[in-house]
Amino acid sequence: MDEFDVSVRGVVKGFGGRRACDGITLQIRRGEFFSLLGPSGCGKTTLMRLVAGFESPDEGTIELAGRDMAGVPPHRRDVNMVFQNYALFPHLDVAGNVAFGLRIQKAPDIEGRVRAALEQVGLAGYERRAVTTLSGGEQQRTALARAIVTGPRVLLLDEPLSALDLKLRQGLQEELRRLQRSLGMTFLYVTHDQEEALAMSDRVAVMNAGRIEQTGPPREVYETPATRFVAGFVGSGNFFDGRGDGTMVRTADGLSIECRAVGDVTLMVRPEKVRVNGGPGLAALVEEVLYQGASTSIVLRAGDRRLVAEDPDARVRPGEPATVSWRPEDVRVLPK
Ligand code: ATP
């Protein structure tokens with residue numbers, strides 16, 4: 001049987017009549033890297049603050065390691081939090097920042113534990129540095145060391161890498177994942193960056209307007225999105241609204257797409273599944289070719305329809321006619 005470190009059931013939290021969390025249910029396994037992914041304002045931070053105990057739910061329950069947290073203050077919960085803006089104490093050096101929680105706990109061997117935590121985040125020897133002299137990446141590592149040093153059961157990370165530039169962020173993503181594995185700690189990670197969530201997580205919950213629309217491993221969420229919102233937020237897609245008769249879906253503008261769906265549906269094809277000039281298909285005109293190094297996006301127009309393809313084999317230029325095609329099995333059916 002699975003052991004859950006975090007169990008959130010039917011949680012509702014409103015601010016002034018608006019629900020930031022509107023009936024959230026999720027369960028996070030011990031040692032799992034679990035991400036909450038969603039656009040700004042969808043309620044990710046609120047959910048995190050509820051788990052940490054900075055807010056209490058209007059409805060529903062939150063359990064940590066099987067214990068109901070109703071009425072339990074933040075410092076009595078076996079969690080720690082890492083914030084986007086690091087929230088370091090500027091008047092303390094690196095060791096002072098990392099030791100802070102241990103001092104409050106009056107823990108033994110503070111010096112040794114601080115050293116070990118700094119080693120784990122790649123800051124060995126930084127003990128006496130003033131935090132004001134650290135780079136953004138070093139500040140975030142210090143904040144991370146401070147959060148893990150007390151050995152919490154669950155670490156809550158609220159967009160911890162979003163203030164860093166892309167290269168640094170990618171390096172730290174890898175390190176964070178390695179650190180999480182080696183500690184075996186449960187991570188609840190908040191991000192609005194879909195690539196980050198897909199790359200790092202064991203499972204992802206995609207949030208929209210206070211609700212979770214889908215929870216699953218990254219590949220499942222990307223390849224079989226449950227809703228149109230998930231399909232559009234986790235990656236990009238070409239969408240077709242139409243009516244299916246069991247063999248074909250026909251769109252209002254006369255397109256027919258091979259698909260066994262019945263009734264009103266939305267079909268979605270990922271750009272990387274679209275072939276340009278790969279055989280017979282929809283007649284289109286190439287509008288833009290956006291070279292991105294590892295991939296090339298081709299924007300095409302077929303009537304009123306804008307299509308995006310990512311086809312490494314296509315050699316086309318803006319203004320040229322082209323055919324657009326895909327395999328029937330690459331069409332995803334989404335509820336309308
Ligand atoms: P972001 O990525 O921008 O931080 P988010 O998904 O974390 O967004 P939340 O910060 O949880 O979203 O906010 C969800 C909604 O709840 C927003 O509309 C926000 O304005 C509102 N909200 C959050 N906290 C409060 C508060 N203390 N008082 C009033 N409204 C709040």
# chains A, B, ... in the order shown; residues from 1 in each chain; ligands from 1
$ closest_atom_pairs --of "chain A" --to "ligand 1" --cutoff "12 Å" --atoms "only C-alpha atoms and all ligand atoms" --output "tab-separated table"
residue	atom	partner	partner_atom_place_in_ligand_line	distance
A:Val12	CA	ligand 1	16 (O)	11.5
A:Lys13	CA	ligand 1	16 (O)	8.6
A:Gly14	CA	ligand 1	16 (O)	7.4
A:Phe15	CA	ligand 1	29 (C)	4.8
A:Gly16	CA	ligand 1	29 (C)	6.7
A:Gly17	CA	ligand 1	30 (N)	9.4
A:Arg18	CA	ligand 1	16 (O)	7.3
A:Arg19	CA	ligand 1	16 (O)	6.9
A:Ala20	CA	ligand 1	16 (O)	4.2
A:Cys21	CA	ligand 1	14 (C)	7.4
A:Asp22	CA	ligand 1	14 (C)	10.3
A:Leu36	CA	ligand 1	6 (O)	8.9
A:Leu37	CA	ligand 1	6 (O)	8.3
A:Gly38	CA	ligand 1	6 (O)	6.3
A:Pro39	CA	ligand 1	6 (O)	6.0
A:Ser40	CA	ligand 1	3 (O)	3.6
A:Gly41	CA	ligand 1	12 (O)	3.4
A:Cys42	CA	ligand 1	6 (O)	3.8
A:Gly43	CA	ligand 1	11 (O)	3.2
A:Lys44	CA	ligand 1	6 (O)	3.9
A:Thr45	CA	ligand 1	7 (O)	3.6
A:Thr46	CA	ligand 1	11 (O)	3.7
A:Leu47	CA	ligand 1	11 (O)	6.5
A:Met48	CA	ligand 1	11 (O)	8.0
A:Arg49	CA	ligand 1	11 (O)	8.3
A:Leu50	CA	ligand 1	11 (O)	9.8
A:Phe54	CA	ligand 1	27 (N)	10.2
A:Glu55	CA	ligand 1	27 (N)	8.7
A:Ser56	CA	ligand 1	27 (N)	11.4
A:Phe83	CA	ligand 1	4 (O)	10.9
A:Gln84	CA	ligand 1	4 (O)	9.5
A:Asn85	CA	ligand 1	4 (O)	11.8
A:Leu157	CA	ligand 1	7 (O)	11.5
A:Asp158	CA	ligand 1	7 (O)	8.1
A:Glu159	CA	ligand 1	2 (O)	7.9
A:Pro160	CA	ligand 1	4 (O)	11.5
A:Ser162	CA	ligand 1	2 (O)	10.1
A:Tyr189	CA	ligand 1	7 (O)	11.3
A:Val190	CA	ligand 1	7 (O)	7.8
A:Thr191	CA	ligand 1	2 (O)	7.1
A:His192	CA	ligand 1	2 (O)	6.2
A:Asp193	CA	ligand 1	2 (O)	9.7
A:Val206	CA	ligand 1	6 (O)	10.7
A:Met207	CA	ligand 1	6 (O)	8.0
A:Asn208	CA	ligand 1	6 (O)	8.4
A:Ala209	CA	ligand 1	14 (C)	7.9
A:Gly210	CA	ligand 1	14 (C)	7.2
A:Arg211	CA	ligand 1	6 (O)	10.5
A:Ile212	CA	ligand 1	6 (O)	11.5
$ residues_around --residues "A:Leu26" --least-positions-apart "4" --cutoff "12 Å" --atoms "only C-alpha atoms" --output "PyMOL selection string"
chain A and resi 4-11+34-36+47+51+60-64+188+203-207+211-216
$ write_last_selection --atoms "N, CA, C and O atoms" --output "compact mmCIF listing (two decimals), in the first residue's frame"
# COMPACT_ATOMS: atom_id res chain seq x y z
N PHE A 4 1.28 7.90 2.09
CA PHE A 4 1.20 9.28 1.63
C PHE A 4 1.78 10.23 2.66
O PHE A 4 1.44 10.19 3.83
N ASP A 5 2.68 11.11 2.19
CA ASP A 5 3.22 12.14 3.07
C ASP A 5 2.29 13.34 3.14
O ASP A 5 2.21 14.02 4.15
N VAL A 6 1.62 13.62 2.00
CA VAL A 6 0.69 14.74 1.96
C VAL A 6 -0.63 14.23 1.39
O VAL A 6 -0.66 13.60 0.34
N SER A 7 -1.72 14.49 2.12
CA SER A 7 -3.07 14.15 1.63
C SER A 7 -3.94 15.38 1.75
O SER A 7 -4.19 15.85 2.86
N VAL A 8 -4.38 15.89 0.63
CA VAL A 8 -5.26 17.06 0.61
C VAL A 8 -6.60 16.57 0.08
O VAL A 8 -6.65 15.95 -0.98
N ARG A 9 -7.66 16.83 0.85
CA ARG A 9 -8.97 16.33 0.42
C ARG A 9 -10.02 17.44 0.43
O ARG A 9 -10.29 18.00 1.49
N GLY A 10 -10.56 17.73 -0.74
CA GLY A 10 -11.68 18.67 -0.86
C GLY A 10 -11.40 20.04 -0.29
O GLY A 10 -12.29 20.68 0.29
N VAL A 11 -10.17 20.54 -0.48
CA VAL A 11 -9.80 21.80 0.16
C VAL A 11 -10.31 23.01 -0.63
O VAL A 11 -10.10 23.14 -1.83
N PHE A 34 6.80 16.03 -6.54
CA PHE A 34 5.46 16.32 -7.04
C PHE A 34 5.36 17.81 -7.36
O PHE A 34 5.67 18.64 -6.52
N SER A 35 4.94 18.14 -8.57
CA SER A 35 4.85 19.56 -8.95
C SER A 35 3.42 20.01 -9.15
O SER A 35 2.60 19.28 -9.70
N LEU A 36 3.17 21.25 -8.70
CA LEU A 36 1.92 21.93 -9.01
C LEU A 36 2.24 22.88 -10.15
O LEU A 36 3.09 23.78 -9.99
N LEU A 47 -2.29 26.98 -2.15
CA LEU A 47 -2.32 25.57 -1.75
C LEU A 47 -1.06 25.23 -0.94
O LEU A 47 -1.13 24.54 0.09
N VAL A 51 -0.73 23.93 2.99
CA VAL A 51 0.01 22.74 3.44
C VAL A 51 1.01 23.13 4.53
O VAL A 51 1.19 22.43 5.52
N GLY A 60 -12.53 21.14 3.87
CA GLY A 60 -11.61 20.07 3.50
C GLY A 60 -10.55 19.81 4.56
O GLY A 60 -10.49 20.51 5.58
N THR A 61 -9.73 18.80 4.29
CA THR A 61 -8.70 18.42 5.27
C THR A 61 -7.32 18.31 4.63
O THR A 61 -7.20 18.02 3.44
N ILE A 62 -6.31 18.54 5.47
CA ILE A 62 -4.93 18.35 5.04
C ILE A 62 -4.26 17.44 6.06
O ILE A 62 -4.28 17.72 7.26
N GLU A 63 -3.68 16.35 5.55
CA GLU A 63 -2.94 15.44 6.43
C GLU A 63 -1.50 15.40 6.00
O GLU A 63 -1.20 15.39 4.81
N LEU A 64 -0.60 15.38 7.00
CA LEU A 64 0.82 15.15 6.72
C LEU A 64 1.21 13.86 7.41
O LEU A 64 0.97 13.71 8.62
N LEU A 188 7.29 19.08 -2.69
CA LEU A 188 6.12 19.67 -3.35
C LEU A 188 6.60 20.97 -3.97
O LEU A 188 7.01 21.90 -3.27
N ARG A 203 5.47 13.20 -10.57
CA ARG A 203 4.09 13.47 -10.99
C ARG A 203 3.83 14.96 -10.99
O ARG A 203 4.45 15.70 -10.21
N VAL A 204 2.89 15.36 -11.81
CA VAL A 204 2.53 16.76 -11.96
C VAL A 204 1.03 16.90 -11.76
O VAL A 204 0.27 16.05 -12.25
N ALA A 205 0.61 17.95 -11.06
CA ALA A 205 -0.82 18.29 -11.03
C ALA A 205 -0.97 19.61 -11.77
O ALA A 205 -0.31 20.59 -11.44
N VAL A 206 -1.82 19.62 -12.80
CA VAL A 206 -2.01 20.84 -13.58
C VAL A 206 -3.22 21.59 -13.03
O VAL A 206 -4.33 21.04 -12.98
N MET A 207 -2.99 22.82 -12.58
CA MET A 207 -4.05 23.62 -11.95
C MET A 207 -4.54 24.72 -12.86
O MET A 207 -3.78 25.31 -13.61
N ARG A 211 -8.61 24.83 -9.44
CA ARG A 211 -8.90 23.39 -9.50
C ARG A 211 -7.77 22.63 -10.17
O ARG A 211 -7.04 23.21 -10.97
N ILE A 212 -7.69 21.34 -9.84
CA ILE A 212 -6.72 20.49 -10.52
C ILE A 212 -7.42 19.84 -11.71
O ILE A 212 -8.45 19.19 -11.54
N GLU A 213 -6.86 20.03 -12.89
CA GLU A 213 -7.51 19.45 -14.09
C GLU A 213 -6.95 18.07 -14.42
O GLU A 213 -7.63 17.27 -15.07
N GLN A 214 -5.73 17.79 -14.01
CA GLN A 214 -5.16 16.46 -14.27
C GLN A 214 -3.95 16.24 -13.37
O GLN A 214 -3.17 17.15 -13.14
N THR A 215 -3.81 15.02 -12.89
CA THR A 215 -2.62 14.64 -12.13
C THR A 215 -2.05 13.38 -12.77
O THR A 215 -2.79 12.44 -13.06
N GLY A 216 -0.74 13.36 -12.97
CA GLY A 216 -0.14 12.16 -13.54
C GLY A 216 1.34 12.34 -13.78
O GLY A 216 1.87 13.44 -13.60
$ select_by_dssp --residues "stretch 144-233 of chain A" --states "alpha helix (DSSP H)" --output "number ranges by chain"
A: 144-148, 166-183, 194-200, 218-223, 228-233
$ residues_around --residues "stretch 90-93 of chain A" --least-positions-apart "6" --cutoff "6 Å" --atoms "only C-alpha atoms" --output "PyMOL selection string"
chain A and resi 128-131
$ residues_around --residues "A:Asp245" --least-positions-apart "6" --cutoff "8 Å" --atoms "only C-alpha atoms" --output "number ranges by chain"
A: 260-263
$ select_by_dssp --residues "stretch 115-267 of chain A" --states "strand (DSSP E or B)" --output "PyMOL selection string"
chain A and resi 130+154-158+186-191+203-208+211-216+238-245+248-251+256-258+262-267
$ closest_residue --among "A:Ile148, A:Met185, A:Val230, A:Leu285" --to "A:Glu32" --atoms "only C-alpha atoms"
A:Met185
$ residues_around --residues "A:Val316" --least-positions-apart "6" --cutoff "9 Å" --atoms "only C-alpha atoms" --output "PyMOL selection string"
chain A and resi 276-277+286+289+298+322
